[in-house]
Each structure stands twice: as structure tokens, then as C-alpha cells.
>>> print(open('my_file34.cif').read())   # mmCIF, C-alpha atoms
data_entry
#
loop_
_atom_site.label_atom_id
_atom_site.label_comp_id
_atom_site.auth_asym_id
_atom_site.auth_seq_id
_atom_site.Cartn_x
_atom_site.Cartn_y
_atom_site.Cartn_z
CA MET X 79 -1.99 118.47 -138.52
CA VAL X 80 -3.59 120.40 -135.68
CA LEU X 81 -5.31 117.34 -134.14
CA ALA X 82 -2.36 114.93 -134.26
CA GLU X 83 -0.99 115.85 -130.83
CA LEU X 84 -4.42 115.64 -129.24
CA GLY X 85 -5.00 112.18 -130.71
CA GLY X 86 -1.63 110.99 -129.41
CA SER X 87 -2.39 112.22 -125.88
CA ILE X 88 -5.74 110.42 -125.81
CA SER X 89 -4.16 107.21 -127.12
CA ARG X 90 -1.47 107.32 -124.42
CA ALA X 91 -4.06 107.80 -121.69
CA LEU X 92 -6.01 104.76 -122.90
CA GLN X 93 -2.85 102.71 -123.17
CA GLN X 94 -1.84 103.52 -119.60
CA MET X 95 -5.27 102.47 -118.41
CA SER X 96 -5.03 99.20 -120.36
CA ASN X 97 -1.64 98.44 -118.82
CA ALA X 98 -2.99 98.66 -115.28
CA THR X 99 -3.12 95.35 -113.40
CA ILE X 100 -6.42 96.13 -111.71
CA ILE X 101 -9.03 98.45 -113.17
CA ASP X 102 -10.49 100.41 -110.27
CA GLU X 103 -11.91 103.87 -109.66
CA LYS X 104 -8.45 105.42 -109.39
CA VAL X 105 -7.34 104.01 -112.76
CA LEU X 106 -10.55 105.26 -114.36
CA ASN X 107 -10.16 108.73 -112.86
CA ASP X 108 -6.49 108.92 -113.87
CA CYS X 109 -7.42 108.03 -117.45
CA LEU X 110 -10.24 110.56 -117.60
CA ASN X 111 -8.07 113.26 -116.04
CA GLU X 112 -5.38 112.72 -118.66
CA ILE X 113 -7.93 112.90 -121.49
CA THR X 114 -9.55 115.96 -119.92
CA ARG X 115 -6.17 117.68 -119.61
CA ALA X 116 -5.35 116.91 -123.24
CA LEU X 117 -8.68 118.28 -124.48
CA LEU X 118 -8.45 121.46 -122.44
CA GLN X 119 -4.84 122.06 -123.50
CA SER X 120 -6.06 121.76 -127.09
CA ASP X 121 -8.62 124.54 -126.45
CA VAL X 122 -11.73 122.36 -126.43
CA GLN X 123 -14.55 124.23 -124.70
CA PHE X 124 -14.65 123.52 -120.95
CA LYS X 125 -18.35 122.66 -120.86
CA LEU X 126 -17.91 120.02 -123.56
CA VAL X 127 -15.05 118.41 -121.64
CA ARG X 128 -16.90 118.51 -118.34
CA ASP X 129 -20.03 116.96 -119.85
CA MET X 130 -17.99 114.24 -121.52
CA GLN X 131 -16.33 113.28 -118.23
CA THR X 132 -19.68 113.29 -116.39
CA ASN X 133 -21.35 111.11 -119.03
CA ILE X 134 -18.54 108.54 -118.97
CA LYS X 135 -18.72 108.23 -115.19
CA LYS X 136 -22.48 107.69 -115.42
CA ILE X 137 -22.02 104.94 -118.01
CA VAL X 138 -19.05 103.24 -116.34
CA ASN X 139 -20.04 102.34 -112.79
CA LEU X 140 -17.34 99.91 -111.73
CA ASP X 141 -19.17 98.93 -108.53
CA ASP X 142 -22.19 97.73 -110.49
CA LEU X 143 -20.27 95.69 -113.02
CA ALA X 144 -20.64 91.98 -112.42
CA ALA X 145 -17.60 89.73 -112.26
CA GLY X 146 -16.36 88.63 -115.63
CA HIS X 147 -17.07 91.90 -117.41
CA ASN X 148 -14.14 93.31 -119.37
CA LYS X 149 -13.79 96.66 -117.62
CA ARG X 150 -11.08 97.86 -119.98
CA LYS X 151 -13.25 97.40 -123.04
CA ILE X 152 -16.27 98.97 -121.34
CA ILE X 153 -14.26 102.08 -120.42
CA GLN X 154 -12.63 102.30 -123.85
CA GLN X 155 -16.00 101.99 -125.59
CA ALA X 156 -17.58 104.64 -123.35
CA ILE X 157 -14.73 107.07 -124.04
CA PHE X 158 -14.87 106.33 -127.76
CA ASN X 159 -18.63 106.91 -127.89
CA GLU X 160 -18.42 110.20 -126.00
CA LEU X 161 -15.64 111.50 -128.25
CA CYS X 162 -17.73 110.55 -131.29
CA LYS X 163 -20.72 112.39 -129.84
CA MET X 164 -18.52 115.45 -129.51
CA LEU X 165 -18.02 115.36 -133.28
CA ASP X 166 -21.67 114.74 -134.13
CA PRO X 167 -23.91 117.85 -134.15
CA GLY X 168 -27.01 115.67 -134.47
CA LYS X 169 -28.20 117.54 -137.55
CA PRO X 170 -26.88 117.76 -141.09
CA SER X 171 -25.06 120.87 -142.22
CA PHE X 172 -26.45 123.02 -144.99
CA ALA X 173 -26.14 121.61 -148.49
CA PRO X 174 -27.45 123.27 -151.67
CA LYS X 175 -30.31 121.49 -153.42
CA LYS X 176 -30.75 121.01 -157.12
CA GLY X 177 -33.70 122.77 -158.71
CA LYS X 178 -33.48 125.95 -156.62
CA THR X 179 -31.09 128.85 -156.24
CA SER X 180 -29.00 128.64 -153.10
CA ILE X 181 -27.32 131.71 -151.61
CA VAL X 182 -24.36 131.05 -149.32
CA MET X 183 -22.76 133.88 -147.34
CA PHE X 184 -19.25 133.30 -146.02
CA VAL X 185 -18.32 134.91 -142.68
CA GLY X 186 -15.18 134.47 -140.64
CA LEU X 187 -12.20 136.01 -138.91
CA GLN X 188 -9.69 138.24 -140.60
CA GLY X 189 -7.04 136.25 -142.42
CA SER X 190 -8.90 132.94 -142.13
CA GLY X 191 -8.89 132.35 -145.88
CA LYS X 192 -12.54 133.12 -146.71
CA THR X 193 -11.96 134.45 -150.22
CA THR X 194 -9.85 131.48 -151.24
CA THR X 195 -12.32 129.10 -149.63
CA CYS X 196 -15.22 130.76 -151.49
CA THR X 197 -13.52 129.90 -154.76
CA LYS X 198 -12.76 126.35 -153.63
CA TYR X 199 -16.37 125.89 -152.58
CA ALA X 200 -17.61 127.23 -155.92
CA TYR X 201 -15.13 125.16 -157.92
CA TYR X 202 -16.05 121.98 -156.03
CA HIS X 203 -19.73 122.42 -156.82
CA GLN X 204 -18.97 123.44 -160.39
CA LYS X 205 -17.34 120.02 -160.86
CA LYS X 206 -20.53 118.47 -159.48
CA GLY X 207 -22.65 120.10 -162.15
CA TRP X 208 -23.68 123.30 -160.40
CA LYS X 209 -23.57 126.76 -161.95
CA PRO X 210 -21.88 128.82 -159.20
CA ALA X 211 -21.12 132.53 -159.06
CA LEU X 212 -19.07 134.69 -156.68
CA VAL X 213 -20.00 138.07 -155.20
CA CYS X 214 -17.37 140.19 -153.45
CA ALA X 215 -19.11 142.14 -150.66
CA ASP X 216 -15.81 142.84 -148.91
CA THR X 217 -15.24 146.57 -149.19
CA PHE X 218 -13.12 146.72 -146.03
CA ARG X 219 -9.94 144.93 -147.07
CA ALA X 220 -7.82 146.51 -149.77
CA GLY X 221 -7.39 144.18 -152.71
CA ALA X 222 -10.26 141.87 -151.71
CA PHE X 223 -12.07 142.26 -155.03
CA ASP X 224 -8.82 141.82 -156.98
CA GLN X 225 -8.14 138.57 -155.15
CA LEU X 226 -11.62 137.20 -155.75
CA LYS X 227 -11.51 138.32 -159.38
CA GLN X 228 -8.19 136.57 -159.93
CA ASN X 229 -9.33 133.36 -158.26
CA ALA X 230 -12.67 133.31 -160.06
CA THR X 231 -11.08 133.97 -163.45
CA LYS X 232 -8.62 131.14 -162.96
CA ALA X 233 -11.45 128.77 -161.98
CA LYS X 234 -13.68 130.09 -164.80
CA ILE X 235 -16.44 131.11 -162.39
CA PRO X 236 -18.52 134.27 -162.97
CA PHE X 237 -18.01 136.99 -160.38
CA TYR X 238 -19.35 140.38 -159.34
CA GLY X 239 -17.86 143.27 -157.38
CA SER X 240 -17.12 146.97 -157.57
CA TYR X 241 -14.12 149.25 -157.24
CA MET X 242 -16.32 152.33 -156.82
CA GLU X 243 -19.19 151.26 -154.58
CA SER X 244 -18.40 151.29 -150.84
CA ASP X 245 -21.70 149.85 -149.59
CA PRO X 246 -21.29 146.06 -149.22
CA VAL X 247 -25.05 145.56 -148.86
CA LYS X 248 -25.72 147.22 -152.22
CA ILE X 249 -22.98 145.20 -153.91
CA ALA X 250 -24.31 141.97 -152.42
CA VAL X 251 -27.89 142.67 -153.51
CA GLU X 252 -26.86 143.69 -157.03
CA GLY X 253 -24.64 140.64 -157.41
CA VAL X 254 -27.28 138.22 -156.19
CA GLU X 255 -29.94 139.74 -158.44
CA ARG X 256 -27.67 139.63 -161.48
CA PHE X 257 -26.74 135.98 -161.01
CA LYS X 258 -30.33 134.99 -160.34
CA GLU X 259 -31.20 136.49 -163.72
CA GLU X 260 -28.37 134.46 -165.24
CA ASN X 261 -29.84 131.29 -163.68
CA CYS X 262 -26.88 130.59 -161.42
CA ASP X 263 -28.01 128.03 -158.88
CA LEU X 264 -25.27 128.60 -156.28
CA ILE X 265 -24.48 132.22 -155.44
CA ILE X 266 -21.62 132.67 -152.96
CA VAL X 267 -21.26 136.01 -151.15
CA ASP X 268 -17.83 136.81 -149.71
CA THR X 269 -17.87 139.27 -146.78
CA SER X 270 -15.32 141.29 -144.84
CA GLY X 271 -13.21 139.47 -142.27
CA ARG X 272 -13.82 140.62 -138.76
CA HIS X 273 -12.91 140.31 -135.10
CA LYS X 274 -15.44 139.53 -132.38
CA GLN X 275 -15.06 143.03 -130.90
CA GLU X 276 -15.73 144.91 -134.14
CA ALA X 277 -19.38 145.80 -133.62
CA ALA X 278 -19.64 147.86 -136.82
CA LEU X 279 -18.47 145.01 -139.01
CA PHE X 280 -20.89 142.61 -137.35
CA GLU X 281 -23.72 145.02 -138.01
CA GLU X 282 -22.59 145.15 -141.63
CA MET X 283 -22.63 141.35 -141.76
CA ARG X 284 -26.16 141.28 -140.35
CA GLN X 285 -27.35 143.78 -142.96
CA VAL X 286 -25.80 141.78 -145.81
CA SER X 287 -27.45 138.64 -144.45
CA GLU X 288 -30.88 140.26 -144.24
CA ALA X 289 -30.56 141.79 -147.70
CA THR X 290 -29.41 138.65 -149.51
CA VAL X 291 -31.33 136.07 -147.42
CA PRO X 292 -28.74 133.27 -147.43
CA SER X 293 -30.10 129.75 -147.63
CA THR X 294 -28.46 128.86 -144.32
CA ALA X 295 -29.61 130.48 -141.71
CA PHE X 296 -17.22 131.58 -126.14
CA ASP X 297 -15.72 134.27 -127.79
CA GLN X 298 -15.28 134.79 -131.50
CA ALA X 299 -17.70 132.11 -132.81
CA GLN X 300 -20.43 133.13 -130.38
CA ALA X 301 -20.19 136.67 -131.70
CA PHE X 302 -20.88 135.39 -135.22
CA LYS X 303 -23.81 133.31 -134.00
CA GLN X 304 -25.37 136.28 -132.24
CA SER X 305 -25.37 138.26 -135.48
CA VAL X 306 -26.48 135.75 -138.12
CA ALA X 307 -27.65 132.14 -138.19
CA VAL X 308 -24.78 129.87 -139.19
CA GLY X 309 -25.42 126.65 -141.08
CA ALA X 310 -22.00 125.03 -141.39
CA VAL X 311 -18.37 125.46 -140.40
CA ILE X 312 -15.38 125.21 -142.73
CA VAL X 313 -12.00 124.81 -141.07
CA THR X 314 -9.09 126.41 -142.92
CA LYS X 315 -5.40 126.96 -142.19
CA MET X 316 -4.97 123.34 -141.05
CA ASP X 317 -1.19 123.77 -141.24
CA GLY X 318 -1.17 126.57 -138.69
CA HIS X 319 -0.36 126.65 -134.98
CA ALA X 320 -3.91 126.24 -133.67
CA LYS X 321 -4.45 123.28 -131.36
CA GLY X 322 -7.70 122.12 -132.94
CA GLY X 323 -9.96 122.24 -129.89
CA GLY X 324 -11.97 125.15 -131.22
CA ALA X 325 -12.78 123.13 -134.32
CA LEU X 326 -13.98 120.22 -132.19
CA SER X 327 -16.08 122.53 -130.05
CA ALA X 328 -17.79 124.15 -133.03
CA VAL X 329 -19.87 121.11 -133.89
CA LYS X 330 -21.62 121.10 -130.51
CA TRP X 331 -22.34 124.75 -129.84
CA SER X 332 -25.92 124.52 -131.11
CA PHE X 333 -26.83 122.15 -128.27
CA TYR X 334 -26.12 124.54 -125.41
CA PRO X 335 -28.14 127.41 -123.91
CA GLY X 336 -27.71 130.60 -125.89
CA PHE X 337 -27.25 128.74 -129.16
CA THR X 338 -30.78 127.41 -129.64
CA GLU X 339 -31.74 129.91 -132.32
CA LEU X 340 -29.46 128.26 -134.86
CA GLU X 341 -31.72 127.04 -137.64
CA VAL X 342 -29.46 124.16 -138.57
CA GLY X 343 -26.75 122.33 -136.66
CA TRP X 344 -23.08 122.96 -137.02
CA ARG X 345 -20.88 120.45 -138.75
CA LEU X 346 -17.15 120.35 -139.07
CA LEU X 347 -16.09 120.61 -142.70
CA THR X 348 -12.47 120.42 -143.74
CA VAL X 349 -11.41 122.01 -147.02
CA LEU X 350 -8.64 119.91 -148.47
#
>>> encode(input="my_file34.cif", output="C-alpha cells")
Amino acid sequence: MVLAELGGSISRALQQMSNATIIDEKVLNDCLNEITRALLQSDVQFKLVRDMQTNIKKIVNLDDLAAGHNKRKIIQQAIFNELCKMLDPGKPSFAPKKGKTSIVMFVGLQGSGKTTTCTKYAYYHQKKGWKPALVCADTFRAGAFDQLKQNATKAKIPFYGSYMESDPVKIAVEGVERFKEENCDLIIVDTSGRHKQEAALFEEMRQVSEATVPSTAFDQAQAFKQSVAVGAVIVTKMDGHAKGGGALSAVKWSFYPGFTELEVGWRLLTVL
């Protein structure tokens, strides 16, 4: 898994600190430097790592600790708490509510598995008693509608799309309206995959978002945030070559300047 190597590096840094005969400022700094290096090598955002290190040093003041305190445990607990905070956005992610129609729009990078994940998301909620439906608003990728149609048919989930219409906004609106009339309570809109530098596709995504009014409202992820409000993060391709730091960073982006307009916090969701 993408986080296994990172976890091993952090564990080794803590173990080396625990093996030290005397716990002093140098031992603490060496431990934090090893953890910092491991996080940065795993692509965790620099600001998150820097803030974590600063917070730990504020909490663990070895000069102020009275004799008899277990410095190892205090340092370990501080590191553990800061790593946990890194994974806690402070707010719940979006979740559909019974008794009302929820519209969820999926956005993501090209090849990240959105269409497959849309079906998994719909199937999961179908098993929980929801009445989901899928709308293919991806008119950019050849075969996108065929893929969604095949997945939805296999999962026995109603779907909507078009081979003739090239306007994704029109398809999205028509699909949402149809499934509202059919009393579907979870309408999932699949959109075209995109790259952070593709301004036209981001404009298309913004238009689809405004037209369908979804219930949810650094590089690639920041580009998504600047176009539409994002309510939750799903991590796919867990068997790939990514180092996992980007996934860890995602849950905290809403706390930093430039991300305050997010209506709900980010949360890391793993599709199994």
C-alpha cells in the first residue's frame, strides 16, 4: 500500500529515539528531522510538515520538564497527536441524508478511476437502502458513456447519457431532472477527467456544478478547489506508485489561507 513505507520510516525514527541513553534536544531534533524527511519524501505538503514540527517543539520543552517525567513517552505522544491532527479535517465530509434528494458530482484527474468509483459509490448506497442513479456528463473521453452504461447495468443502477449530445451541462441537467422525477434520492454526476492546466475543462466543470447544484459544495487539487467547492475526497488507485503524501495533505487543505471558501471540510475516504 502507498502508506506502508511512510509508516515504517516514522516507526524507525521513534525507535531510534527510544533507544537513546539520554533524551536531549539533539535526540529530539534528530527524531523530528527523520520524520520530517520521511513525510516530505512521501509528498506531504511542506506547510503541513513544517507546522507539525513547530507544534511538537512547542509542546515538548525538555528544559521545562521536571525530573522524573518520562521524556520518551511525552515525545511519542506529541508526535502521535500531531500526526492524528494531520488526518483530522475538523469537520465531517459530505454524506447524503435520507428524506431529500442528494446530487453528488465527481471530479478528478484523468485516469483516476472516477467512472468506476461513481458506480461503487452508487452500489454502496444502494445496499444501504438508497435509490441511486448515474449521469454521464463526460463528453470528452471516448467510450466514457459506454463504460458507465456497462458498470451501471451490471450493478442494476439506472443511468443517463447521450451519444449525440456534446454539451455536458445539458446532459447533466436533463439527467438530474429525469431522476428527480423518478424519485431517485442519490443522483451521481460523472464528469470529464482533467489536468490542472486545462482551463477549458475546469470552466466546463464549473458550469456543470452551477447547473446541477451538487449537495456538496498546491497544484492539481488547488485547481479543483478554485473552480468548485469540494466536500469530500476519495482516494483511488491505492496499488499504484504514488507515495501517499498527497492523500494525507488533502484532509487539511481547508484550514490554510486560500482554502477558506470550502463549504465543508475535506476528509480522506478510501474506496476498498
>>> residues_around(input="my_file34.cif", residues="Thr193 of chain X", least_positions_apart="4", cutoff="12 Å", atoms="only C-alpha atoms", output="PyMOL selection string")
chain X and resi 183-189+197-200+212-216+219+221-230+266-271+314
>>> closest_residue(input="my_file34.cif", among="X:Met130, X:Met95, X:Ile100, X:Ala250", to="Val182 of chain X", atoms="all atoms listed in the file")
X:Ala250
>>> resolve_selection(input="my_file34.cif", expression="the PyMOL selection byres ((chain X and resi 235) around 8)", output="VMD selection string")
chain X and resid 200 to 201 210 to 212 230 to 234 236 to 237
>>> resolve_selection(input="my_file34.cif", expression="the PyMOL selection byres ((chain X and resi 240) around 9)", output="list in words")
Cys214, Ala215, Thr217, Phe223, Tyr238, Gly239, Tyr241, Met242, Glu243, Ser244 and Ile249 of chain X
>>> write_last_selection(input="my_file34.cif", atoms="C-alpha atoms", output="short mmCIF file (atom, residue, chain, number, x, y, z; two decimals), in the coordinates of the input")
data_model
loop_
_atom_site.label_atom_id
_atom_site.label_comp_id
_atom_site.auth_asym_id
_atom_site.auth_seq_id
_atom_site.Cartn_x
_atom_site.Cartn_y
_atom_site.Cartn_z
CA CYS X 214 -17.37 140.19 -153.45
CA ALA X 215 -19.11 142.14 -150.66
CA THR X 217 -15.24 146.57 -149.19
CA PHE X 223 -12.07 142.26 -155.03
CA TYR X 238 -19.35 140.38 -159.34
CA GLY X 239 -17.86 143.27 -157.38
CA TYR X 241 -14.12 149.25 -157.24
CA MET X 242 -16.32 152.33 -156.82
CA GLU X 243 -19.19 151.26 -154.58
CA SER X 244 -18.40 151.29 -150.84
CA ILE X 249 -22.98 145.20 -153.91
#
>>> atom_distance(input="my_file34.cif", atom1="atom CA of Val138 of chain X", atom2="atom CA of Ile153 of chain X")
6.4 Å
>>> resolve_selection(input="my_file34.cif", expression="the PyMOL selection byres ((chain X and resi 91) around 12)", output="short mmCIF file (atom, residue, chain, number, x, y, z; two decimals) with C-alpha atoms, in the coordinates of the input")
data_model
loop_
_atom_site.label_atom_id
_atom_site.label_comp_id
_atom_site.auth_asym_id
_atom_site.auth_seq_id
_atom_site.Cartn_x
_atom_site.Cartn_y
_atom_site.Cartn_z
CA LEU X 84 -4.42 115.64 -129.24
CA GLY X 85 -5.00 112.18 -130.71
CA GLY X 86 -1.63 110.99 -129.41
CA SER X 87 -2.39 112.22 -125.88
CA ILE X 88 -5.74 110.42 -125.81
CA SER X 89 -4.16 107.21 -127.12
CA ARG X 90 -1.47 107.32 -124.42
CA LEU X 92 -6.01 104.76 -122.90
CA GLN X 93 -2.85 102.71 -123.17
CA GLN X 94 -1.84 103.52 -119.60
CA MET X 95 -5.27 102.47 -118.41
CA SER X 96 -5.03 99.20 -120.36
CA ASN X 97 -1.64 98.44 -118.82
CA ALA X 98 -2.99 98.66 -115.28
CA VAL X 105 -7.34 104.01 -112.76
CA LEU X 106 -10.55 105.26 -114.36
CA ASN X 107 -10.16 108.73 -112.86
CA ASP X 108 -6.49 108.92 -113.87
CA CYS X 109 -7.42 108.03 -117.45
CA LEU X 110 -10.24 110.56 -117.60
CA ASN X 111 -8.07 113.26 -116.04
CA GLU X 112 -5.38 112.72 -118.66
CA ILE X 113 -7.93 112.90 -121.49
CA THR X 114 -9.55 115.96 -119.92
CA ARG X 115 -6.17 117.68 -119.61
CA ALA X 116 -5.35 116.91 -123.24
CA LEU X 117 -8.68 118.28 -124.48
CA ILE X 153 -14.26 102.08 -120.42
CA GLN X 154 -12.63 102.30 -123.85
CA ILE X 157 -14.73 107.07 -124.04
#
>>> closest_residue(input="my_file34.cif", among="X:Asp142, X:Arg256, X:Glu282, X:Lys175", to="Phe218 of chain X", atoms="all atoms listed in the file")
X:Glu282
>>> closest_residue(input="my_file34.cif", among="X:Lys178, X:Thr195, X:Ser287, X:Asn159", to="Leu264 of chain X", atoms="all atoms listed in the file")
X:Lys178
>>> residues_around(input="my_file34.cif", residues="Ala156 of chain X", least_positions_apart="2", cutoff="10 Å", atoms="only C-alpha atoms", output="list of chain:residue names")
X:Met130, X:Asn133, X:Ile134, X:Lys135, X:Lys136, X:Ile137, X:Val138, X:Arg150, X:Lys151, X:Ile152, X:Ile153, X:Gln154, X:Phe158, X:Asn159, X:Glu160, X:Leu161, X:Cys162
>>> write_last_selection(input="my_file34.cif", atoms="C-alpha atoms", output="compact mmCIF listing (two decimals), in the frame of the given file")
# COMPACT_ATOMS: atom_id res chain seq x y z
CA MET X 130 -17.99 114.24 -121.52
CA ASN X 133 -21.35 111.11 -119.03
CA ILE X 134 -18.54 108.54 -118.97
CA LYS X 135 -18.72 108.23 -115.19
CA LYS X 136 -22.48 107.69 -115.42
CA ILE X 137 -22.02 104.94 -118.01
CA VAL X 138 -19.05 103.24 -116.34
CA ARG X 150 -11.08 97.86 -119.98
CA LYS X 151 -13.25 97.40 -123.04
CA ILE X 152 -16.27 98.97 -121.34
CA ILE X 153 -14.26 102.08 -120.42
CA GLN X 154 -12.63 102.30 -123.85
CA PHE X 158 -14.87 106.33 -127.76
CA ASN X 159 -18.63 106.91 -127.89
CA GLU X 160 -18.42 110.20 -126.00
CA LEU X 161 -15.64 111.50 -128.25
CA CYS X 162 -17.73 110.55 -131.29
>>> atom_distance(input="my_file34.cif", atom1="atom CA of Gln204 of chain X", atom2="atom CA of Leu165 of chain X")
28.3 Å
>>> closest_residue(input="my_file34.cif", among="X:Ser180, X:Leu140, X:Ala289, X:Glu252", to="Asp102 of chain X", atoms="all atoms listed in the file")
X:Leu140
>>> closest_residue(input="my_file34.cif", among="X:Asn139, X:Lys192, X:Lys149, X:Val251", to="Thr99 of chain X", atoms="only C-alpha atoms")
X:Lys149
>>> atom_distance(input="my_file34.cif", atom1="atom CA of Lys205 of chain X", atom2="atom CA of Lys258 of chain X")
19.8 Å
